[in-house]
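Visitor: What follows is a structure written as structure tokens; I'll ask about it next.
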Amino acid sequence: MQSTRFAHSALAGLIVASASLGALAQSASGPIKIGLMLPYSGTYAALGNAIENGFKLYVQEQGGKLGGREVQYFKVDDESEPSKATDNVNKLIKRDNVDVLVGTVHSGVALAMAKAARDNNTLLVIPNAGADAITGPMCSANIVRSSFSNWQPGYAMGVVAGQKGVKRAMTITWNYAAGAESTKGFTEGLEKNGGKVIKDLNLPFPNVEFQALLTEIAAQKPDAVYAFFAGGGAVKFVKDYAAAGLNKTIPLYGPGFLTDGTLEAQGASAQNMLTTLHYADNLDTPKNNAFRKSYALAYKAQPDVYAVQGYDAAQILANGLKAVGGDLAKRDQLAAAMRKTPVDSPRGKFTLSAAGNPVQDIYLREVKGNNNEFRSVAVKALADPARGCKP
Amino acid sequence: MASEGAGNVEVAAGAGDARADVGALPDIGRREAGGWLVPAAAALAIAALPLVLSPYGQDVVVRIAIYAIFALSLELLVGATGLVSLGHAAFLGIGAYATVLASGDNGASLALLVPLAMGAAAAYAIVVGALSLRTRGVYFIMVTLAFAQMAYFVVHDTKAGGGSDGIFLYVKPVLAVGTTTLLDLGQRLPFYYAVLAALVATYAFIALLLGSRFGHALAGIRVNEQRMRATGFSTTPYKLAAFTVAGALAGLAGLLLAVKDGAVNPELLSWHESGAVLLMLIFGGIGSLRGAVLGAICFTLLKELFQSEALLGPLASHWQLTLGLTIIAFVAALPRGLIGLGARVRGVMAGRAARQAVRGSP
Amino acid sequence: MDTATFLVQCLNAVQYGLLLFLVASGLTLIFGIMGVINLAHGSFYMLGAYLAFALAPWFGDWFVTRLVAGVLLAAIFGYLLEWAFFSFLYERDHLQQVLLTYALILVFEEMRSILVGNDVHGVPAPSWLAGGFRLGGLMEYPWYRVFASAACLVVALALYAVVNRTRLGMMIRAGASNRDMVRGLGVDIRRLYRIVFAGGVALAALAGMIAAPLSSVYPGMGSSVLIICFVVVVIGGIGSITGALIASLLVGFVDTFGKVFFAEWSGVGVYVLMAIVLVWRPEGLMKRGF
């Protein structure tokens with residue numbers, strides 16, 4: 001055993017030495033390895049594709065290079081499964097040795113990615129997952145988010161509701177982290193504007209039997225209801241809410257996810273609903289118009305908030321690389337530059353907080369037909385409180 | 001499989017063949033080619049692998065080894081006792097969750113976590129076993145599935161269980177005496193060898209257990225429970241004991257999985273996980289400990305293969321289809337698994353010896 | 001909780017329970033008659049829902065016609081599936097049945113993904129069932145839900161009539177108690193099984209079609225309904241239609257009122273119910289029988 005162990009250590013030492021030599025060689029030239037860990041199958045496949053399209057669109061606009069270096073992509077399908085997340089992210093970090101991780105949509109998976117990024121000191125840019133913890137207790141200098149935190153749209157909606165005179169509200173969502181964080185944001189925003197939440201309703205994820213809880217809402221007669229659901233749940237809830245006649249007497253509010261990508265299925269039941277989000281499709285700014293045109297040209301489809309987030313993820317990375325001239329070895333400078341440079345996004349200009357989350361305007365939108373139309377700015381330059389983040 | 005209750009259709013038709021399927025297999029661990037040499041050689045080979053494998057490769061080996069322990073634990077139930085459980089993942093998950101919850105923010109000692117994880121899984125196994133063993137056949141399968149779902153919902157829905165995103169393990173366990181650290185599972189190589197040691201210990205333990213009086217009783221129950229009971233033998237305590245031991249060993253696999261991933265997730269208890277471990281058994285061959293390990297290797301690598309974009313290109317995203325069709329083809333054509341294939345190749349000798357064993361058993 | 005709310009919650013419980021019954025009855029029939037454990041039963045429910053979505057543009061408001069067409073298509077599909085796949089499962093032991101039907105789920109899910117994609121789809125209720133009626137000034141109860149409950153009741157009665165009052169039903173009951181004897185009497189047991197299987201598939205698909213406007217159509221909808229159906233069958237007793245009905249309603253009530261009173265633990269409630277029944281009656285509430 002002794003000789004084996006010695007041989008092993010010698011071999012290990014050689015491997016480590018050559019790897020670090022290789023890494024040193026890589027860090028200044030050669031292509032940048034970007035690991036895309038996104039859902040390419042399952043319910044969120046469309047979102048994964050939109051994010052990747054947005055990311056690649058930005059790179060293409062820079063002539064196919066970031067910080068003067070070519071880009072090499074590695075892809076892993078995370079299937080939106082938190083249980084496989086650690087194995088999947090290890091494929092990118094340990095097998096493919098990527099320089100930057102980009103992902104993902106599902107918060108549970110993103111949390112695992114954040115942990116792996118911290119443990120392995122890999123750069124991570126998150127183009128969607130809104131888990132507050134990522135820019136909270138899990139925050140780190142090498143982790144940055146180009147999207148939002150679950151708290152932000154909720155808080156903005158709470159502010160709007162309070163300003164509209166809502167005194168008694170109820171919240172309803174699935175029993176999972178994203179739902180809890182979103183409703184907490186709403187509660188805070190509402191309480192700061194003179195209202196309060198009388199009851200929080202929730203049901204197990206991804207259960208969609210809402211009848212019992214809708215009856216409860218009808219019995220309590222609140223001034224407004226705030227709901228956080230996504231995908232199929234969002235479709236069903238909005239429809240059930242209307243079918244129970246509640247939308248005539250109790251206004252339904254929610255973050256943009258309640259009506260993003262679901263309007264065709266929701267139809268008449270969603271009309272005139274107010275939601276808050278950091279993007280609206282018809283934002284009339286030169287940057288947004290140009291972005292929408294080039295996206296439609298490149299991919300023959302309309303972009304959505306996910307495409308914007310992917311686009312901005314590439315932009316944030318590019319900002320950092322530009323500052324260090326493409327030299328990945330200057331990690332601290334790179335990470336700092338990614339944080340400090342303002343981002344010129346199709347959603348409007350935004351900056352990044354010290355915890356790595358966008359400090360951005362949250363817009364109020366109204367459903368008209370099959371679109372979420374911009375109405376006003378609900379809250380300007382809203383920063384997530386980043387509770388628990390020790391930079 | 002398990003003997004059927006009164007008034008159930010299977011007694012008349014299919015059960016006879018089903019019992020022959022299991023009863024005709026060679027005694028576990030005894031008459032397989034090479035005796036102890038083959039498993040021992042395999043263990044040595046795995047021990048030597050870190051010399052040639054990258055850290056990622058070692059990760060894959062560790063994952064397969066942990067699933068092999070999980071498969072072995074189920075082999076005790078399915079192959080040895082003839083009880084098909086579709087809820088075995090619950091014990092894997094409970095072991096994993098117990099580990100993470102007990103570790104808290106500061107980590108915990110292995111001396112606490114191993115008995116705790118195995119104990120928690122065993123405790124749930126006794127309760128589930130006591131209730132499930134009141135049923136037979138198809139009922140038993142469904143009831144074990146339902147109890148696993150119950151555990152799934154507890155960790156998925158309640159605050160105590162951490163919710164659908166799971167919980168992280170912040171500090172990996174160590175084994176320390178006073179101030180000297182004997183074994184730190186946070187380091188890659190010590191963890192590798194710890195998992196290998198656990199696998200070897202589990203394999204040896206089950207093999208010895210099956211060779212004992214207890215194991216013979218289980219074999220008797222598997223072959224013909226009614227006959228055992230007719231001779232005055234009380235079978236339920238034995239089945240319950242097998243169920244509990246299997247649960248405890250699955251809990252051990254769960255602890256190792258939690259340490260390896262640094263996180264636990266409700267999906268560990270899902271019926272997809274229970275289905276996957278049954279698939280491992282059938283791939284390797286029911287009734288053989290080597291088969292259980294072989295099945296774990298085969299299933300994991302097969303899944304990796306089907307999901308690999310490098311090897312299969314665009315077909316990789318449709319891995320559910322390729323995997324599903326492969327399973328159907330495999331189960332239909334090779335119900336005895338890979339070990340069965342080997343036995344067939346070795347020829348009539350294995351079959352003749354097995355038939356003698358069945359005739360000779362009390 | 002006041003009376004009006006209580007009554008509405010009861011209505012909700014019954015409606016959910018009856019829909020569950022439709023799926024569970026198919027499952028218990030297949031279990032009870034052929035002794036085949038079929039994990040893919042949830043996929044038939046999903047098939048029905050997607051059929052409702054696919055057939056919608058062709059039938060418009062002719063909702064009942066759409067249901068009938070869907071049921072016929074599903075029955076044909078079930079007949080062919082039994083002939084091509086399930087008939088080979090009868091000789092195999094339970095473990096192989098479990099694994100083969102599990103693999104079938106994977107195949108169905110992927111086929112669905114390839115053929116129809118992964119989006120969530122809404123299915124509108126027919127316009128003659130739109131709207132609802134006011135329940136004591138509390139809220140509107142949708143007419144469609146009343147229709148759903150009524151349709152399930154009609155099917156339940158029809159099922160009872162077929163099984164207990166027709167020759168086919170007699171053969172089914174006989175085949176369940178003693179397969180070989182029935183074969184010996186000259187009944188073509190294979191064809192009987194095929195018919196029963198097609199019936200089971202049709203029932204599950206019908207449930208999916210009725211549920212589609214209520215729950216919308218999305219990937220994975222089969223798995224969620226499957227496990228609950230297993231629980232219903234265990235509680236009710238394998239092979240017993242009456243048992244499935246009682247159990248479904250019980251589950252409906254536990255689930256609905258559990259959500260209201262025990263939000264976090266409501267998912268566990270159904271399994272606690274099952275555990276209690278198992279302690280009291282391991283073979284289910286109704287012993288084998290109809």
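In the structure tokens, the first chain shown is A, the next is B, and so on; residue numbers restart at 1 for each chain, and ligands run from 1 in the order shown.
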Counting only C-alpha atoms, a student should be able to say which residues of chain B come within 6 Å of chain C; what is the right answer, written as a ChimeraX atom specification?

Guide: /B:14,18,134-135,150,153,157-158,320-321,324,328

Visitor: Determine, counting only C-alpha atoms, which protein, DNA and RNA residues have an atom within 8 Å of an atom of Asn370 of chain A; residues of the same chain fewer than 4 positions away are not included. Present the result as an NGL selection string.

Guide: :A and (263-264 or 267)

Visitor: For chain C, list the residues within 6 Å of chain A, counting only C-alpha atoms, and write the list as JSON, numbers by chain.

Guide: {"C": [9, 118, 120, 121, 122, 138, 139, 140, 141, 256]}

Visitor: Using only C-alpha atoms, which chain A residues lie at most 10 Å away from chain B, written as an MDAnalysis selection string?

Guide: chainID A and resid 4:5 7:9 11:12 15 40:42 75:77 79 81:87 90:96 106:112 115:116 174:178 203:206

Visitor: If you keep N, CA and C atoms, can you produce a file of those selected residues as a compact mmCIF listing (two decimals), in the first residue's frame?

Guide:
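Ended up saving to selection.txt:
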# COMPACT_ATOMS: atom_id res chain seq x y z
N THR A 4 2.08 2.11 -3.41
CA THR A 4 0.98 2.58 -4.25
C THR A 4 0.65 4.03 -3.93
N ARG A 5 0.63 4.29 -2.62
CA ARG A 5 0.28 5.64 -2.20
C ARG A 5 1.31 6.64 -2.70
N ALA A 7 3.29 6.27 -5.31
CA ALA A 7 3.14 6.41 -6.77
C ALA A 7 1.94 7.29 -7.07
N HIS A 8 0.89 7.07 -6.28
CA HIS A 8 -0.32 7.86 -6.49
C HIS A 8 -0.03 9.34 -6.26
N SER A 9 0.65 9.66 -5.16
CA SER A 9 0.91 11.08 -4.86
C SER A 9 1.77 11.69 -5.93
N LEU A 11 1.99 10.78 -9.03
CA LEU A 11 1.17 10.93 -10.22
C LEU A 11 0.23 12.13 -10.05
N ALA A 12 -0.37 12.20 -8.84
CA ALA A 12 -1.29 13.29 -8.58
C ALA A 12 -0.58 14.63 -8.72
N ILE A 15 -0.06 15.49 -12.26
CA ILE A 15 -1.31 15.90 -12.90
C ILE A 15 -1.65 17.33 -12.52
N TYR A 40 -33.17 22.06 -21.24
CA TYR A 40 -33.41 21.89 -22.67
C TYR A 40 -34.53 20.90 -22.91
N SER A 41 -35.09 20.34 -21.84
CA SER A 41 -36.23 19.45 -21.99
C SER A 41 -37.18 19.73 -20.84
N GLY A 42 -38.39 19.28 -20.96
CA GLY A 42 -39.36 19.46 -19.89
C GLY A 42 -40.09 20.80 -20.00
N LYS A 75 -22.74 22.46 -23.27
CA LYS A 75 -24.13 22.49 -22.82
C LYS A 75 -24.47 21.27 -21.99
N VAL A 76 -25.24 21.47 -20.94
CA VAL A 76 -25.80 20.36 -20.16
C VAL A 76 -27.28 20.66 -19.91
N ASP A 77 -28.10 19.65 -20.12
CA ASP A 77 -29.54 19.79 -19.87
C ASP A 77 -29.82 19.51 -18.40
N GLU A 79 -32.70 19.62 -16.91
CA GLU A 79 -34.04 19.03 -16.74
C GLU A 79 -34.82 19.66 -15.59
N GLU A 81 -34.16 19.66 -12.58
CA GLU A 81 -34.17 18.69 -11.49
C GLU A 81 -33.11 19.03 -10.45
N PRO A 82 -33.51 19.55 -9.30
CA PRO A 82 -32.49 19.87 -8.28
C PRO A 82 -31.73 18.64 -7.81
N SER A 83 -32.37 17.45 -7.90
CA SER A 83 -31.68 16.26 -7.38
C SER A 83 -30.50 15.88 -8.24
N LYS A 84 -30.54 16.28 -9.54
CA LYS A 84 -29.41 15.90 -10.40
C LYS A 84 -28.45 17.07 -10.58
N ALA A 85 -28.78 18.18 -9.93
CA ALA A 85 -28.05 19.41 -10.21
C ALA A 85 -26.56 19.29 -9.91
N THR A 86 -26.22 18.73 -8.75
CA THR A 86 -24.81 18.65 -8.40
C THR A 86 -24.03 17.83 -9.41
N ASP A 87 -24.60 16.70 -9.82
CA ASP A 87 -23.91 15.88 -10.81
C ASP A 87 -23.76 16.64 -12.12
N ASN A 90 -21.18 19.40 -11.98
CA ASN A 90 -19.83 18.83 -11.95
C ASN A 90 -19.35 18.42 -13.32
N LYS A 91 -20.29 18.03 -14.18
CA LYS A 91 -19.88 17.68 -15.55
C LYS A 91 -19.20 18.88 -16.19
N LEU A 92 -19.78 20.07 -15.96
CA LEU A 92 -19.22 21.26 -16.59
C LEU A 92 -17.94 21.70 -15.89
N ILE A 93 -17.96 21.68 -14.58
CA ILE A 93 -16.80 22.20 -13.86
C ILE A 93 -15.64 21.22 -13.92
N LYS A 94 -15.89 19.93 -13.64
CA LYS A 94 -14.78 19.00 -13.51
C LYS A 94 -14.46 18.27 -14.81
N ARG A 95 -15.50 17.95 -15.60
CA ARG A 95 -15.20 17.19 -16.81
C ARG A 95 -14.79 18.12 -17.95
N ASP A 96 -15.54 19.19 -18.15
CA ASP A 96 -15.27 20.10 -19.26
C ASP A 96 -14.38 21.29 -18.87
N HIS A 106 -34.52 27.14 -13.00
CA HIS A 106 -35.13 26.66 -11.76
C HIS A 106 -34.27 27.06 -10.56
N SER A 107 -34.89 27.64 -9.54
CA SER A 107 -34.13 28.12 -8.38
C SER A 107 -33.41 27.01 -7.63
N GLY A 108 -34.06 25.87 -7.50
CA GLY A 108 -33.43 24.77 -6.76
C GLY A 108 -32.14 24.34 -7.43
N VAL A 109 -32.16 24.26 -8.76
CA VAL A 109 -30.96 23.88 -9.50
C VAL A 109 -29.91 24.97 -9.37
N ALA A 110 -30.36 26.22 -9.46
CA ALA A 110 -29.42 27.34 -9.39
C ALA A 110 -28.72 27.38 -8.04
N LEU A 111 -29.44 27.03 -6.98
CA LEU A 111 -28.81 27.01 -5.66
C LEU A 111 -27.67 26.01 -5.62
N ALA A 112 -27.89 24.85 -6.24
CA ALA A 112 -26.82 23.85 -6.29
C ALA A 112 -25.66 24.38 -7.12
N LYS A 115 -23.71 26.81 -5.03
CA LYS A 115 -22.87 26.14 -4.05
C LYS A 115 -21.62 25.59 -4.72
N ALA A 116 -21.80 24.96 -5.88
CA ALA A 116 -20.66 24.39 -6.59
C ALA A 116 -19.71 25.50 -7.04
N TRP A 174 -47.73 28.46 -4.24
CA TRP A 174 -47.29 27.11 -3.91
C TRP A 174 -46.37 27.16 -2.72
N ASN A 175 -46.29 26.02 -2.06
CA ASN A 175 -45.47 25.93 -0.87
C ASN A 175 -44.03 25.65 -1.26
N TYR A 176 -43.36 26.63 -1.85
CA TYR A 176 -41.94 26.47 -2.14
C TYR A 176 -41.24 27.81 -2.02
N ALA A 177 -39.91 27.77 -2.08
CA ALA A 177 -39.12 28.95 -1.76
C ALA A 177 -39.51 30.15 -2.61
N ALA A 178 -39.64 29.96 -3.93
CA ALA A 178 -39.95 31.10 -4.81
C ALA A 178 -41.26 31.76 -4.41
N LEU A 203 -50.64 25.89 -1.14
CA LEU A 203 -50.91 24.48 -1.38
C LEU A 203 -49.64 23.83 -1.89
N PRO A 204 -49.54 22.51 -1.78
CA PRO A 204 -48.29 21.85 -2.14
C PRO A 204 -47.98 22.01 -3.62
N PHE A 205 -46.71 22.20 -3.90
CA PHE A 205 -46.25 22.30 -5.29
C PHE A 205 -46.20 20.91 -5.87
N PRO A 206 -46.62 20.64 -7.10
CA PRO A 206 -47.28 21.51 -8.06
C PRO A 206 -48.78 21.25 -8.19

Visitor: What lies within 9 Å of segment 294-298 of chain A using only C-alpha atoms, ignoring chain neighbours under 4 positions off, as a list in words?

Guide: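 Final neighbour list, sorted by chain and number: Asn53, Gly54, Leu57, Asn289, Ala290, Gln302, Pro303 and Ala307 of chain A.
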
Visitor: So that I can see what lies close to segment 156-159 of chain C, please list as a ChimeraX atom specification the residues with an atom at most 9 Å from it, counting only C-alpha atoms and leaving out residues fewer than 3 positions away in the same chain.

Guide: /C:18,21-22,25,151-153,162-164,241,245

Visitor: With a distance cut-off of 9 Å and only C-alpha atoms, select the neighbouring residues of Leu226 of chain C, excluding the residue or stretch itself and same-chain residues fewer than 5 positions from it, and output the selection as number ranges by chain.

Guide: C: 23-24, 39-43, 45, 221, 231

Visitor: List as a VMD selection string the protein and nucleic acid residues near Val64 of chain C, meaning an atom at most 12 Å away when only C-alpha atoms are counted, but skip any in the same chain fewer than 3 places from it.

Guide: chain C and resid 52 55 to 56 59 to 61 67 to 71 125 to 126 128 to 129 147 to 148 151 206 209 to 210

Visitor: Export all heavy atoms of the chosen residues as a compact mmCIF listing (two decimals), in the first residue's frame?

Guide:
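again.txt written:
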# COMPACT_ATOMS: atom_id res chain seq x y z
N ALA C 52 -58.62 15.85 -25.71
CA ALA C 52 -59.59 16.94 -25.59
C ALA C 52 -59.04 18.19 -26.25
O ALA C 52 -59.74 18.91 -26.96
CB ALA C 52 -59.92 17.19 -24.13
N LEU C 55 -58.81 17.58 -30.18
CA LEU C 55 -60.08 17.47 -30.90
C LEU C 55 -60.90 18.75 -30.83
O LEU C 55 -61.87 18.91 -31.57
CB LEU C 55 -60.92 16.31 -30.33
CG LEU C 55 -60.37 14.90 -30.58
CD1 LEU C 55 -61.23 13.88 -29.86
CD2 LEU C 55 -60.32 14.59 -32.06
N ALA C 56 -60.53 19.65 -29.91
CA ALA C 56 -61.34 20.85 -29.70
C ALA C 56 -61.65 21.62 -30.99
O ALA C 56 -62.80 21.95 -31.24
CB ALA C 56 -60.68 21.75 -28.68
N PHE C 59 -64.47 19.91 -33.13
CA PHE C 59 -65.83 19.71 -32.64
C PHE C 59 -66.47 20.96 -32.07
O PHE C 59 -67.67 20.99 -31.84
CB PHE C 59 -65.84 18.61 -31.57
CG PHE C 59 -65.67 17.24 -32.13
CD1 PHE C 59 -64.40 16.73 -32.37
CD2 PHE C 59 -66.76 16.46 -32.45
CE1 PHE C 59 -64.24 15.46 -32.91
CE2 PHE C 59 -66.61 15.19 -32.98
CZ PHE C 59 -65.34 14.70 -33.21
N GLY C 60 -65.67 21.98 -31.79
CA GLY C 60 -66.23 23.22 -31.28
C GLY C 60 -67.07 23.00 -30.05
O GLY C 60 -66.62 22.46 -29.05
N ASP C 61 -68.35 23.41 -30.15
CA ASP C 61 -69.22 23.33 -28.99
C ASP C 61 -69.90 21.98 -28.82
O ASP C 61 -70.61 21.74 -27.85
CB ASP C 61 -70.31 24.40 -29.10
CG ASP C 61 -69.99 25.58 -28.19
OD1 ASP C 61 -68.93 25.52 -27.52
OD2 ASP C 61 -70.77 26.52 -28.14
N LEU C 67 -66.56 14.15 -26.51
CA LEU C 67 -66.26 13.15 -25.48
C LEU C 67 -66.41 11.74 -26.05
O LEU C 67 -65.56 10.88 -25.86
CB LEU C 67 -67.19 13.32 -24.29
CG LEU C 67 -66.91 14.50 -23.36
CD1 LEU C 67 -67.91 14.51 -22.22
CD2 LEU C 67 -65.51 14.43 -22.80
N VAL C 68 -67.53 11.55 -26.74
CA VAL C 68 -67.78 10.21 -27.30
C VAL C 68 -66.67 9.83 -28.28
O VAL C 68 -66.15 8.70 -28.26
CB VAL C 68 -69.16 10.18 -28.00
CG1 VAL C 68 -69.32 8.89 -28.77
CG2 VAL C 68 -70.26 10.31 -26.96
N ALA C 69 -66.32 10.77 -29.17
CA ALA C 69 -65.27 10.49 -30.14
C ALA C 69 -63.96 10.15 -29.44
O ALA C 69 -63.27 9.19 -29.79
CB ALA C 69 -65.07 11.71 -31.05
N GLY C 70 -63.62 10.94 -28.43
CA GLY C 70 -62.38 10.70 -27.70
C GLY C 70 -62.38 9.33 -27.03
O GLY C 70 -61.39 8.61 -27.06
N VAL C 71 -63.51 8.99 -26.42
CA VAL C 71 -63.60 7.70 -25.74
C VAL C 71 -63.42 6.56 -26.73
O VAL C 71 -62.71 5.58 -26.46
CB VAL C 71 -64.96 7.59 -25.01
CG1 VAL C 71 -65.23 6.15 -24.62
CG2 VAL C 71 -64.96 8.46 -23.78
N ALA C 125 -64.06 25.37 -21.80
CA ALA C 125 -65.30 24.63 -21.61
C ALA C 125 -66.26 25.06 -22.70
O ALA C 125 -66.18 26.18 -23.19
CB ALA C 125 -65.87 24.95 -20.23
N PRO C 126 -67.21 24.19 -23.09
CA PRO C 126 -68.15 24.57 -24.14
C PRO C 126 -69.00 25.76 -23.69
O PRO C 126 -69.29 25.89 -22.50
CB PRO C 126 -69.01 23.32 -24.33
CG PRO C 126 -68.84 22.54 -23.08
CD PRO C 126 -67.46 22.85 -22.58
N TRP C 128 -72.05 26.42 -23.83
CA TRP C 128 -73.34 26.19 -23.18
C TRP C 128 -73.17 25.78 -21.72
O TRP C 128 -74.14 25.63 -20.99
CB TRP C 128 -74.17 25.16 -23.94
CG TRP C 128 -73.48 23.89 -24.29
CD1 TRP C 128 -72.66 23.67 -25.37
CD2 TRP C 128 -73.55 22.64 -23.60
NE1 TRP C 128 -72.21 22.39 -25.38
CE2 TRP C 128 -72.75 21.71 -24.31
CE3 TRP C 128 -74.22 22.20 -22.44
CZ2 TRP C 128 -72.58 20.39 -23.91
CZ3 TRP C 128 -74.06 20.88 -22.04
CH2 TRP C 128 -73.23 19.99 -22.76
N LEU C 129 -71.92 25.62 -21.32
CA LEU C 129 -71.67 25.31 -19.91
C LEU C 129 -70.88 26.43 -19.24
O LEU C 129 -70.41 26.28 -18.13
CB LEU C 129 -70.87 24.01 -19.78
CG LEU C 129 -71.67 22.73 -19.91
CD1 LEU C 129 -70.74 21.53 -19.95
CD2 LEU C 129 -72.64 22.59 -18.74
N PHE C 147 -71.47 19.80 -14.34
CA PHE C 147 -71.53 18.86 -15.45
C PHE C 147 -70.54 17.73 -15.23
O PHE C 147 -70.86 16.55 -15.45
CB PHE C 147 -71.22 19.60 -16.76
CG PHE C 147 -70.99 18.68 -17.92
CD1 PHE C 147 -72.03 18.08 -18.58
CD2 PHE C 147 -69.68 18.38 -18.34
CE1 PHE C 147 -71.82 17.22 -19.64
CE2 PHE C 147 -69.46 17.52 -19.41
CZ PHE C 147 -70.54 16.94 -20.06
N ALA C 148 -69.31 18.06 -14.81
CA ALA C 148 -68.28 17.05 -14.60
C ALA C 148 -68.75 16.02 -13.57
O ALA C 148 -68.64 14.82 -13.79
CB ALA C 148 -66.98 17.71 -14.15
N ALA C 151 -71.54 13.92 -15.07
CA ALA C 151 -71.05 12.96 -16.06
C ALA C 151 -70.41 11.76 -15.38
O ALA C 151 -70.62 10.61 -15.77
CB ALA C 151 -70.04 13.65 -16.99
N LEU C 206 -61.51 9.23 -20.61
CA LEU C 206 -62.71 10.06 -20.41
C LEU C 206 -62.51 11.02 -19.25
O LEU C 206 -62.83 12.21 -19.33
CB LEU C 206 -63.93 9.17 -20.16
CG LEU C 206 -65.24 9.89 -19.88
CD1 LEU C 206 -65.66 10.70 -21.09
CD2 LEU C 206 -66.34 8.90 -19.53
N MET C 209 -60.42 13.80 -20.39
CA MET C 209 -61.13 14.73 -21.26
C MET C 209 -62.03 15.65 -20.46
O MET C 209 -62.13 16.84 -20.73
CB MET C 209 -61.98 13.97 -22.28
CG MET C 209 -61.16 13.17 -23.26
SD MET C 209 -62.18 12.53 -24.58
CE MET C 209 -62.32 13.99 -25.59
N ILE C 210 -62.71 15.08 -19.47
CA ILE C 210 -63.59 15.90 -18.64
C ILE C 210 -62.77 16.87 -17.81
O ILE C 210 -63.14 18.02 -17.61
CB ILE C 210 -64.45 15.01 -17.73
CG1 ILE C 210 -65.42 14.19 -18.57
CG2 ILE C 210 -65.21 15.85 -16.72
CD1 ILE C 210 -66.28 13.26 -17.77

Visitor: Which polymer residues have any atom within 12 Å of an atom of Ala65 of chain B, counting only C-alpha atoms, with same-chain residues fewer than 6 positions away left out, as a PyMOL selection string?

Guide: chain B and resi 42-43+46-47+58-59+71-72+191-200+202-203+253-254+256-257+260+292-298+300

Visitor: As a VMD selection string, please: all residues of segment 120-359 of chain B that backbone DSSP puts in alpha helix (DSSP H).

Guide: chain B and resid 120 to 132 137 to 157 188 to 211 213 to 230 236 to 261 271 to 284 289 to 307 309 to 312 319 to 333 337 to 346 348 to 359

Visitor: DSSP on the backbone, then: every residue of segment 107-223 of chain B marked strand (DSSP E or B), written as a ChimeraX atom specification.

Guide: /B:109,167-168,174-177,180-184

Visitor: Given the selection you just returned, output its residues as a file containing C-alpha atoms, formatted as a PDB file, in the first residue's frame.

Guide:
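Result file follows (out-v2.pdb):
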ATOM      1  CA  SER B 109     -19.352  13.279  13.722  1.00  0.00           C
ATOM      2  CA  ILE B 167     -31.435  21.332   1.926  1.00  0.00           C
ATOM      3  CA  PHE B 168     -27.697  21.801   1.709  1.00  0.00           C
ATOM      4  CA  VAL B 174     -15.586  13.693  10.075  1.00  0.00           C
ATOM      5  CA  LEU B 175     -14.595  10.888  12.348  1.00  0.00           C
ATOM      6  CA  ALA B 176     -12.466  12.254  15.153  1.00  0.00           C
ATOM      7  CA  VAL B 177     -11.063  10.964  18.410  1.00  0.00           C
ATOM      8  CA  THR B 180      -7.160  13.976  15.903  1.00  0.00           C
ATOM      9  CA  THR B 181      -9.169  13.583  12.734  1.00  0.00           C
ATOM     10  CA  LEU B 182      -9.218   9.964  11.672  1.00  0.00           C
ATOM     11  CA  LEU B 183     -11.372  10.324   8.583  1.00  0.00           C
ATOM     12  CA  ASP B 184     -12.537  13.490   6.858  1.00  0.00           C
TER      13      ASP B 184
END
